[in-house]
file work39.tsv (TSV, C-alpha atoms)
chain	number	residue	atom	x	y	z
C	15	MET	CA	0.00	0.00	0.00
C	16	LYS	CA	1.28	3.39	-0.93
C	17	PHE	CA	1.05	6.40	1.33
C	18	SER	CA	0.95	9.91	0.03
C	19	GLY	CA	1.90	13.08	1.89
C	20	ARG	CA	-1.15	14.70	0.33
C	21	MET	CA	-4.50	14.56	2.08
C	22	PRO	CA	-7.29	12.75	0.21
C	23	GLY	CA	-9.75	15.18	-1.29
C	24	ALA	CA	-12.64	13.78	0.76
C	25	TRP	CA	-10.95	14.76	4.03
C	26	ARG	CA	-10.01	18.28	3.06
C	27	PRO	CA	-13.40	19.93	3.86
C	28	LEU	CA	-13.46	18.19	7.27
C	29	TRP	CA	-9.92	19.34	8.09
C	30	CYS	CA	-10.80	22.91	7.14
C	31	LEU	CA	-13.86	22.74	9.40
C	32	VAL	CA	-11.77	21.50	12.34
C	33	THR	CA	-9.24	24.29	11.77
C	34	VAL	CA	-11.98	26.92	11.74
C	35	LEU	CA	-13.54	25.51	14.93
C	36	VAL	CA	-10.20	25.51	16.77
C	37	ALA	CA	-9.56	29.12	15.74
C	38	ALA	CA	-13.06	30.12	16.78
C	39	LEU	CA	-12.67	28.46	20.18
C	40	GLY	CA	-9.38	30.24	20.66
C	41	CYS	CA	-10.98	33.60	19.89
C	42	ALA	CA	-13.87	32.80	22.21
C	43	GLY	CA	-11.46	31.92	25.00
C	44	GLU	CA	-9.62	35.17	24.44
C	45	SER	CA	-12.90	37.09	24.46
C	46	ARG	CA	-13.94	35.48	27.72
C	47	ALA	CA	-10.57	36.28	29.24
C	48	PHE	CA	-11.08	39.97	28.60
C	49	SER	CA	-14.83	40.22	29.11
C	50	HIS	CA	-14.42	40.33	32.88
C	51	GLY	CA	-12.02	43.05	33.93
C	52	PRO	CA	-10.74	43.72	37.43
C	53	ARG	CA	-13.36	44.40	40.03
C	54	VAL	CA	-13.27	47.05	42.71
C	55	GLU	CA	-13.32	45.29	46.07
C	56	LEU	CA	-15.08	47.22	48.83
C	57	GLN	CA	-14.69	46.60	52.54
C	58	PRO	CA	-17.75	47.04	54.78
C	59	ILE	CA	-18.11	50.63	55.94
C	60	ASP	CA	-16.72	51.41	59.38
C	61	VAL	CA	-19.52	53.30	61.13
C	62	PHE	CA	-18.54	55.55	64.03
C	63	ARG	CA	-21.62	57.75	63.93
C	64	ARG	CA	-24.74	57.76	61.78
C	65	SER	CA	-27.99	59.69	61.40
C	66	ASN	CA	-31.33	59.11	59.73
C	67	ILE	CA	-31.25	60.46	56.17
C	68	GLN	CA	-34.97	61.23	56.44
C	69	TYR	CA	-34.18	63.91	58.99
C	70	TYR	CA	-32.13	65.74	56.37
C	71	GLY	CA	-34.53	65.39	53.46
C	72	GLY	CA	-34.32	68.47	51.26
C	73	ALA	CA	-31.07	69.68	52.83
C	74	ALA	CA	-28.31	71.32	50.79
C	75	LEU	CA	-25.00	69.44	50.99
C	76	GLY	CA	-21.61	70.99	50.36
C	77	VAL	CA	-18.62	68.78	49.52
C	78	LEU	CA	-15.18	70.18	50.30
C	79	SER	CA	-11.97	69.03	48.60
C	80	PHE	CA	-10.79	65.81	50.18
C	81	LYS	CA	-7.78	66.41	52.37
C	82	GLY	CA	-4.48	64.56	52.14
C	83	PRO	CA	-0.77	65.13	51.54
C	84	ALA	CA	0.12	68.08	49.30
C	85	GLN	CA	0.97	65.77	46.39
C	86	MET	CA	-2.60	64.43	46.50
C	87	SER	CA	-4.33	67.81	46.10
C	88	ALA	CA	-5.39	67.12	42.50
C	89	ALA	CA	-6.69	63.68	43.48
C	90	GLY	CA	-8.54	65.23	46.42
C	91	ASP	CA	-10.43	67.58	44.12
C	92	GLU	CA	-11.24	64.84	41.60
C	93	ILE	CA	-12.46	62.36	44.22
C	94	ALA	CA	-14.60	65.03	45.91
C	95	ARG	CA	-16.24	65.85	42.56
C	96	ILE	CA	-16.99	62.17	41.99
C	97	TYR	CA	-18.64	61.92	45.41
C	98	ALA	CA	-20.67	65.08	44.78
C	99	GLN	CA	-21.93	63.73	41.44
C	100	GLU	CA	-23.01	60.40	42.92
C	101	LEU	CA	-24.63	61.96	46.00
C	102	LEU	CA	-26.72	64.23	43.78
C	103	LYS	CA	-28.23	61.40	41.72
C	104	PRO	CA	-30.64	59.76	44.21
C	105	GLY	CA	-32.27	63.03	45.23
C	106	PHE	CA	-31.67	62.70	48.97
C	107	PHE	CA	-30.57	66.31	49.09
C	108	LYS	CA	-32.05	69.46	47.63
C	109	ASP	CA	-28.66	70.37	46.21
C	110	VAL	CA	-25.11	69.00	46.25
C	111	ARG	CA	-22.28	71.39	45.48
C	112	PHE	CA	-18.53	70.87	45.29
C	113	PHE	CA	-16.22	73.54	46.70
C	114	ALA	CA	-12.54	73.51	45.74
C	115	ARG	CA	-11.39	74.38	49.23
C	116	SER	CA	-10.77	72.60	52.51
C	117	ALA	CA	-11.19	73.33	56.20
C	118	ALA	CA	-8.43	73.19	58.79
C	119	SER	CA	-10.83	72.09	61.53
C	120	GLN	CA	-14.37	70.91	62.14
C	121	GLU	CA	-15.29	74.37	63.40
C	122	GLU	CA	-14.03	75.95	60.18
C	123	ALA	CA	-15.97	73.40	58.12
C	124	VAL	CA	-19.18	74.32	59.96
C	125	TRP	CA	-18.44	78.02	59.45
C	126	LEU	CA	-17.89	77.40	55.72
C	127	ALA	CA	-21.18	75.51	55.50
C	128	ARG	CA	-23.07	78.41	57.03
C	129	THR	CA	-21.23	80.95	54.87
C	130	LEU	CA	-21.90	78.93	51.71
C	131	GLU	CA	-25.55	78.42	52.73
C	132	CYS	CA	-25.30	74.65	53.10
C	133	ASP	CA	-27.23	72.65	55.68
C	134	LEU	CA	-24.63	69.88	55.65
C	135	ILE	CA	-20.95	69.88	54.77
C	136	MET	CA	-18.77	66.89	53.90
C	137	GLU	CA	-15.14	67.00	54.84
C	138	ALA	CA	-13.20	63.86	54.01
C	139	THR	CA	-9.60	62.76	54.25
C	140	ILE	CA	-7.66	60.47	51.91
C	141	GLN	CA	-6.00	58.23	54.47
C	142	TYR	CA	-4.25	55.95	52.00
C	143	LEU	CA	-3.85	56.04	48.23
C	144	LEU	CA	-1.82	53.55	46.23
C	145	ASP	CA	-2.15	54.20	42.52
C	146	GLY	CA	-0.01	53.40	39.51
C	147	SER	CA	-0.07	51.92	36.04
C	148	GLY	CA	-2.45	49.14	37.05
C	149	SER	CA	0.16	46.38	36.90
C	150	MET	CA	0.12	46.18	40.71
C	151	PRO	CA	-2.77	46.24	43.21
C	152	THR	CA	-4.30	49.65	43.95
C	153	HIS	CA	-5.89	50.90	47.18
C	154	LEU	CA	-7.96	53.85	48.34
C	155	ASP	CA	-8.97	54.50	51.96
C	156	ILE	CA	-11.15	57.48	52.87
C	157	ALA	CA	-12.44	58.88	56.17
C	158	VAL	CA	-15.77	60.66	55.65
C	159	LYS	CA	-17.44	63.15	57.96
C	160	ILE	CA	-20.70	64.93	57.21
C	161	LEU	CA	-21.37	67.82	59.58
C	162	ASP	CA	-24.68	69.45	60.49
C	163	ALA	CA	-24.22	73.19	59.97
C	164	ARG	CA	-27.22	74.06	62.13
C	165	SER	CA	-26.07	72.23	65.27
C	166	GLY	CA	-22.35	72.10	64.53
C	167	THR	CA	-22.30	68.37	65.26
C	168	VAL	CA	-21.20	65.32	63.27
C	169	ALA	CA	-24.11	63.63	61.49
C	170	TRP	CA	-22.07	60.83	59.89
C	171	ASP	CA	-18.56	59.61	60.68
C	172	LEU	CA	-17.50	56.76	58.41
C	173	GLY	CA	-14.47	54.89	57.10
C	174	GLN	CA	-14.35	53.43	53.57
C	175	LYS	CA	-11.78	51.20	51.89
C	176	ALA	CA	-11.45	50.00	48.29
C	177	SER	CA	-8.88	47.96	46.40
C	178	SER	CA	-8.38	46.43	42.98
C	179	ASN	CA	-6.08	43.71	41.66
C	180	PRO	CA	-4.82	43.12	38.12
C	181	GLY	CA	-6.66	40.45	36.18
C	182	LYS	CA	-5.09	37.00	36.06
C	183	GLU	CA	-3.08	35.88	33.07
C	184	VAL	CA	-4.86	33.44	30.78
C	185	ASP	CA	-2.93	30.56	29.22
C	186	LEU	CA	-4.30	29.96	25.71
C	187	PHE	CA	-1.85	27.05	25.16
C	188	TRP	CA	-0.06	28.77	22.29
C	189	SER	CA	0.22	32.12	24.05
C	190	VAL	CA	-0.37	33.84	27.37
C	191	LYS	CA	-2.66	36.84	27.54
C	192	LYS	CA	-2.13	39.33	30.33
C	193	GLY	CA	-5.09	40.19	32.50
C	194	ALA	CA	-6.65	43.63	32.52
C	195	PRO	CA	-4.87	46.19	34.72
C	196	ALA	CA	-6.07	47.04	38.21
C	197	GLU	CA	-8.59	49.87	38.42
C	198	ARG	CA	-7.20	53.36	39.03
C	199	TYR	CA	-8.28	55.63	41.87
C	200	PRO	CA	-11.16	57.39	40.00
C	201	ALA	CA	-12.93	54.04	39.51
C	202	MET	CA	-12.38	53.13	43.16
C	203	ALA	CA	-13.66	56.56	44.21
C	204	LYS	CA	-16.83	56.07	42.19
C	205	ALA	CA	-17.40	52.65	43.75
C	206	LEU	CA	-16.93	54.11	47.23
C	207	ALA	CA	-19.30	56.99	46.45
C	208	VAL	CA	-21.97	54.54	45.28
C	209	GLN	CA	-21.38	52.47	48.40
C	210	LEU	CA	-21.99	55.60	50.48
C	211	VAL	CA	-25.21	56.33	48.58
C	212	HIS	CA	-26.48	52.80	49.30
C	213	PHE	CA	-25.51	53.16	52.95
C	214	LEU	CA	-27.36	56.45	53.32
C	215	ALA	CA	-30.41	54.94	51.64
C	216	GLY	CA	-30.34	51.98	54.02
C	217	LEU	CA	-29.89	49.44	51.22
C	218	PRO	CA	-28.19	46.11	52.02
C	219	PRO	CA	-24.53	45.68	51.00
C	220	GLU	CA	-25.53	42.96	48.52
C	221	VAL	CA	-26.55	44.97	45.46
C	222	ASP	CA	-26.93	44.43	41.75
C	223	THR	CA	-23.53	44.87	40.13
C	224	GLY	CA	-25.03	45.56	36.72
C	225	ASP	CA	-23.60	42.42	35.10
C	226	GLY	CA	-26.57	40.17	35.76
C	227	GLY	CA	-25.31	38.89	39.11
C	228	LYS	CA	-25.03	40.05	42.65
C	229	GLY	CA	-21.88	40.79	44.58
C	230	LYS	CA	-21.69	41.43	48.29
C	231	GLY	CA	-19.86	44.69	48.68
C	232	ARG	CA	-18.49	44.42	45.14
C	233	PHE	CA	-18.98	46.77	42.24
C	234	LYS	CA	-17.83	46.59	38.65
C	235	TRP	CA	-17.59	49.65	36.38
call {"tool": "encode", "arguments": {"input": "work39.tsv", "output": "structure tokens"}}
result
Amino acid sequence: MKFSGRMPGAWRPLWCLVTVLVAALGCAGESRAFSHGPRVELQPIDVFRRSNIQYYGGAALGVLSFKGPAQMSAAGDEIARIYAQELLKPGFFKDVRFFARSAASQEEAVWLARTLECDLIMEATIQYLLDGSGSMPTHLDIAVKILDARSGTVAWDLGQKASSNPGKEVDLFWSVKKGAPAERYPAMAKALAVQLVHFLAGLPPEVDTGDGGKGKGRFKW
């Protein structure tokens, strides 16, 4: 019996079909690898003092620049704006305004609130910020205080923490695809702001993540 290096004509269509299927499966695997990017992991809120949001219905809230080291001043403004935008959406407050300034003390913050005609004023501090290219884990810790301008007391005193890790590498047999980078601080700030909105509304920490599932304390943007 003679053997030929050429494939019989009858097998050629089948071989082409197998090749196409393998390529398609490879593309599908690659698509799946990149369809789920890094998630922002949120720790439960540390609650030191809280109030009933219903008591402040229709109040005007001022958001001061978030405090931190001098090199974080730009990040403090950006994060404060993100919080102000998210706090305005649910309609808890009559108005939410961002002010590109900070207060040296709680007394000054209350004075600013009264001067700026705000019923409540948020002064927050960036306690820890680890940001970069996304190739390494990122972290953002924020201490939030919302002060009552009328009484001069603290209405809410909270601690929030977020982190993100780079996506895992995916071995496609013939190549290795790197995972998506860790989320940067603006994405973590937005997740923390949404977490605060849910907390103020009294919603449980297990919320719809928007991807068809539920994640306890987890958000994906």
call {"tool": "atom_distance", "arguments": {"input": "work39.tsv", "atom1": "atom CA of Val158 of chain C", "atom2": "atom CA of Glu197 of chain C"}}
result
21.6 Å
call {"tool": "residues_around", "arguments": {"input": "work39.tsv", "residues": "Cys132 of chain C", "least_positions_apart": "6", "cutoff": "7 Å", "atoms": "all atoms listed in the file", "output": "PyMOL selection string"}}
result
chain C and resi 74-76
call {"tool": "write_last_selection", "arguments": {"input": "work39.tsv", "atoms": "C-alpha atoms", "output": "mmCIF file, in the coordinates of the input"}}
result
data_model
loop_
_atom_site.group_PDB
_atom_site.id
_atom_site.type_symbol
_atom_site.label_atom_id
_atom_site.label_comp_id
_atom_site.auth_asym_id
_atom_site.auth_seq_id
_atom_site.Cartn_x
_atom_site.Cartn_y
_atom_site.Cartn_z
ATOM 1 C CA ALA C 74 -28.310 71.320 50.790
ATOM 2 C CA LEU C 75 -25.000 69.440 50.990
ATOM 3 C CA GLY C 76 -21.610 70.990 50.360
#
call {"tool": "closest_residue", "arguments": {"input": "work39.tsv", "among": "C:Ile140, C:Ile67, C:Val211, C:Arg53", "to": "Gln85 of chain C", "atoms": "only C-alpha atoms"}}
result
C:Ile140
call {"tool": "closest_residue", "arguments": {"input": "work39.tsv", "among": "C:Leu161, C:Ala215, C:Leu206, C:Ala118", "to": "Gly82 of chain C", "atoms": "only C-alpha atoms"}}
result
C:Ala118
call {"tool": "closest_residue", "arguments": {"input": "work39.tsv", "among": "C:Leu126, C:Val61, C:Ala98, C:Ala114", "to": "Asp171 of chain C", "atoms": "only C-alpha atoms"}}
result
C:Val61
call {"tool": "axis_aligned_box", "arguments": {"input": "work39.tsv", "around": "segment 68-80 of chain C", "padding_each_side": "4 Å", "output": "JSON"}}
result
{"center_x": -22.9, "center_y": 66.3, "center_z": 53.8, "size_x": 32.2, "size_y": 18.1, "size_z": 18.4}
call {"tool": "closest_residue", "arguments": {"input": "work39.tsv", "among": "C:Ala176, C:Val54, C:Leu217, C:Ala163", "to": "Gln141 of chain C", "atoms": "all atoms listed in the file"}}
result
C:Ala176
call {"tool": "atom_distance", "arguments": {"input": "work39.tsv", "atom1": "atom CA of Gln68 of chain C", "atom2": "atom CA of Leu214 of chain C"}}
result
9.5 Å
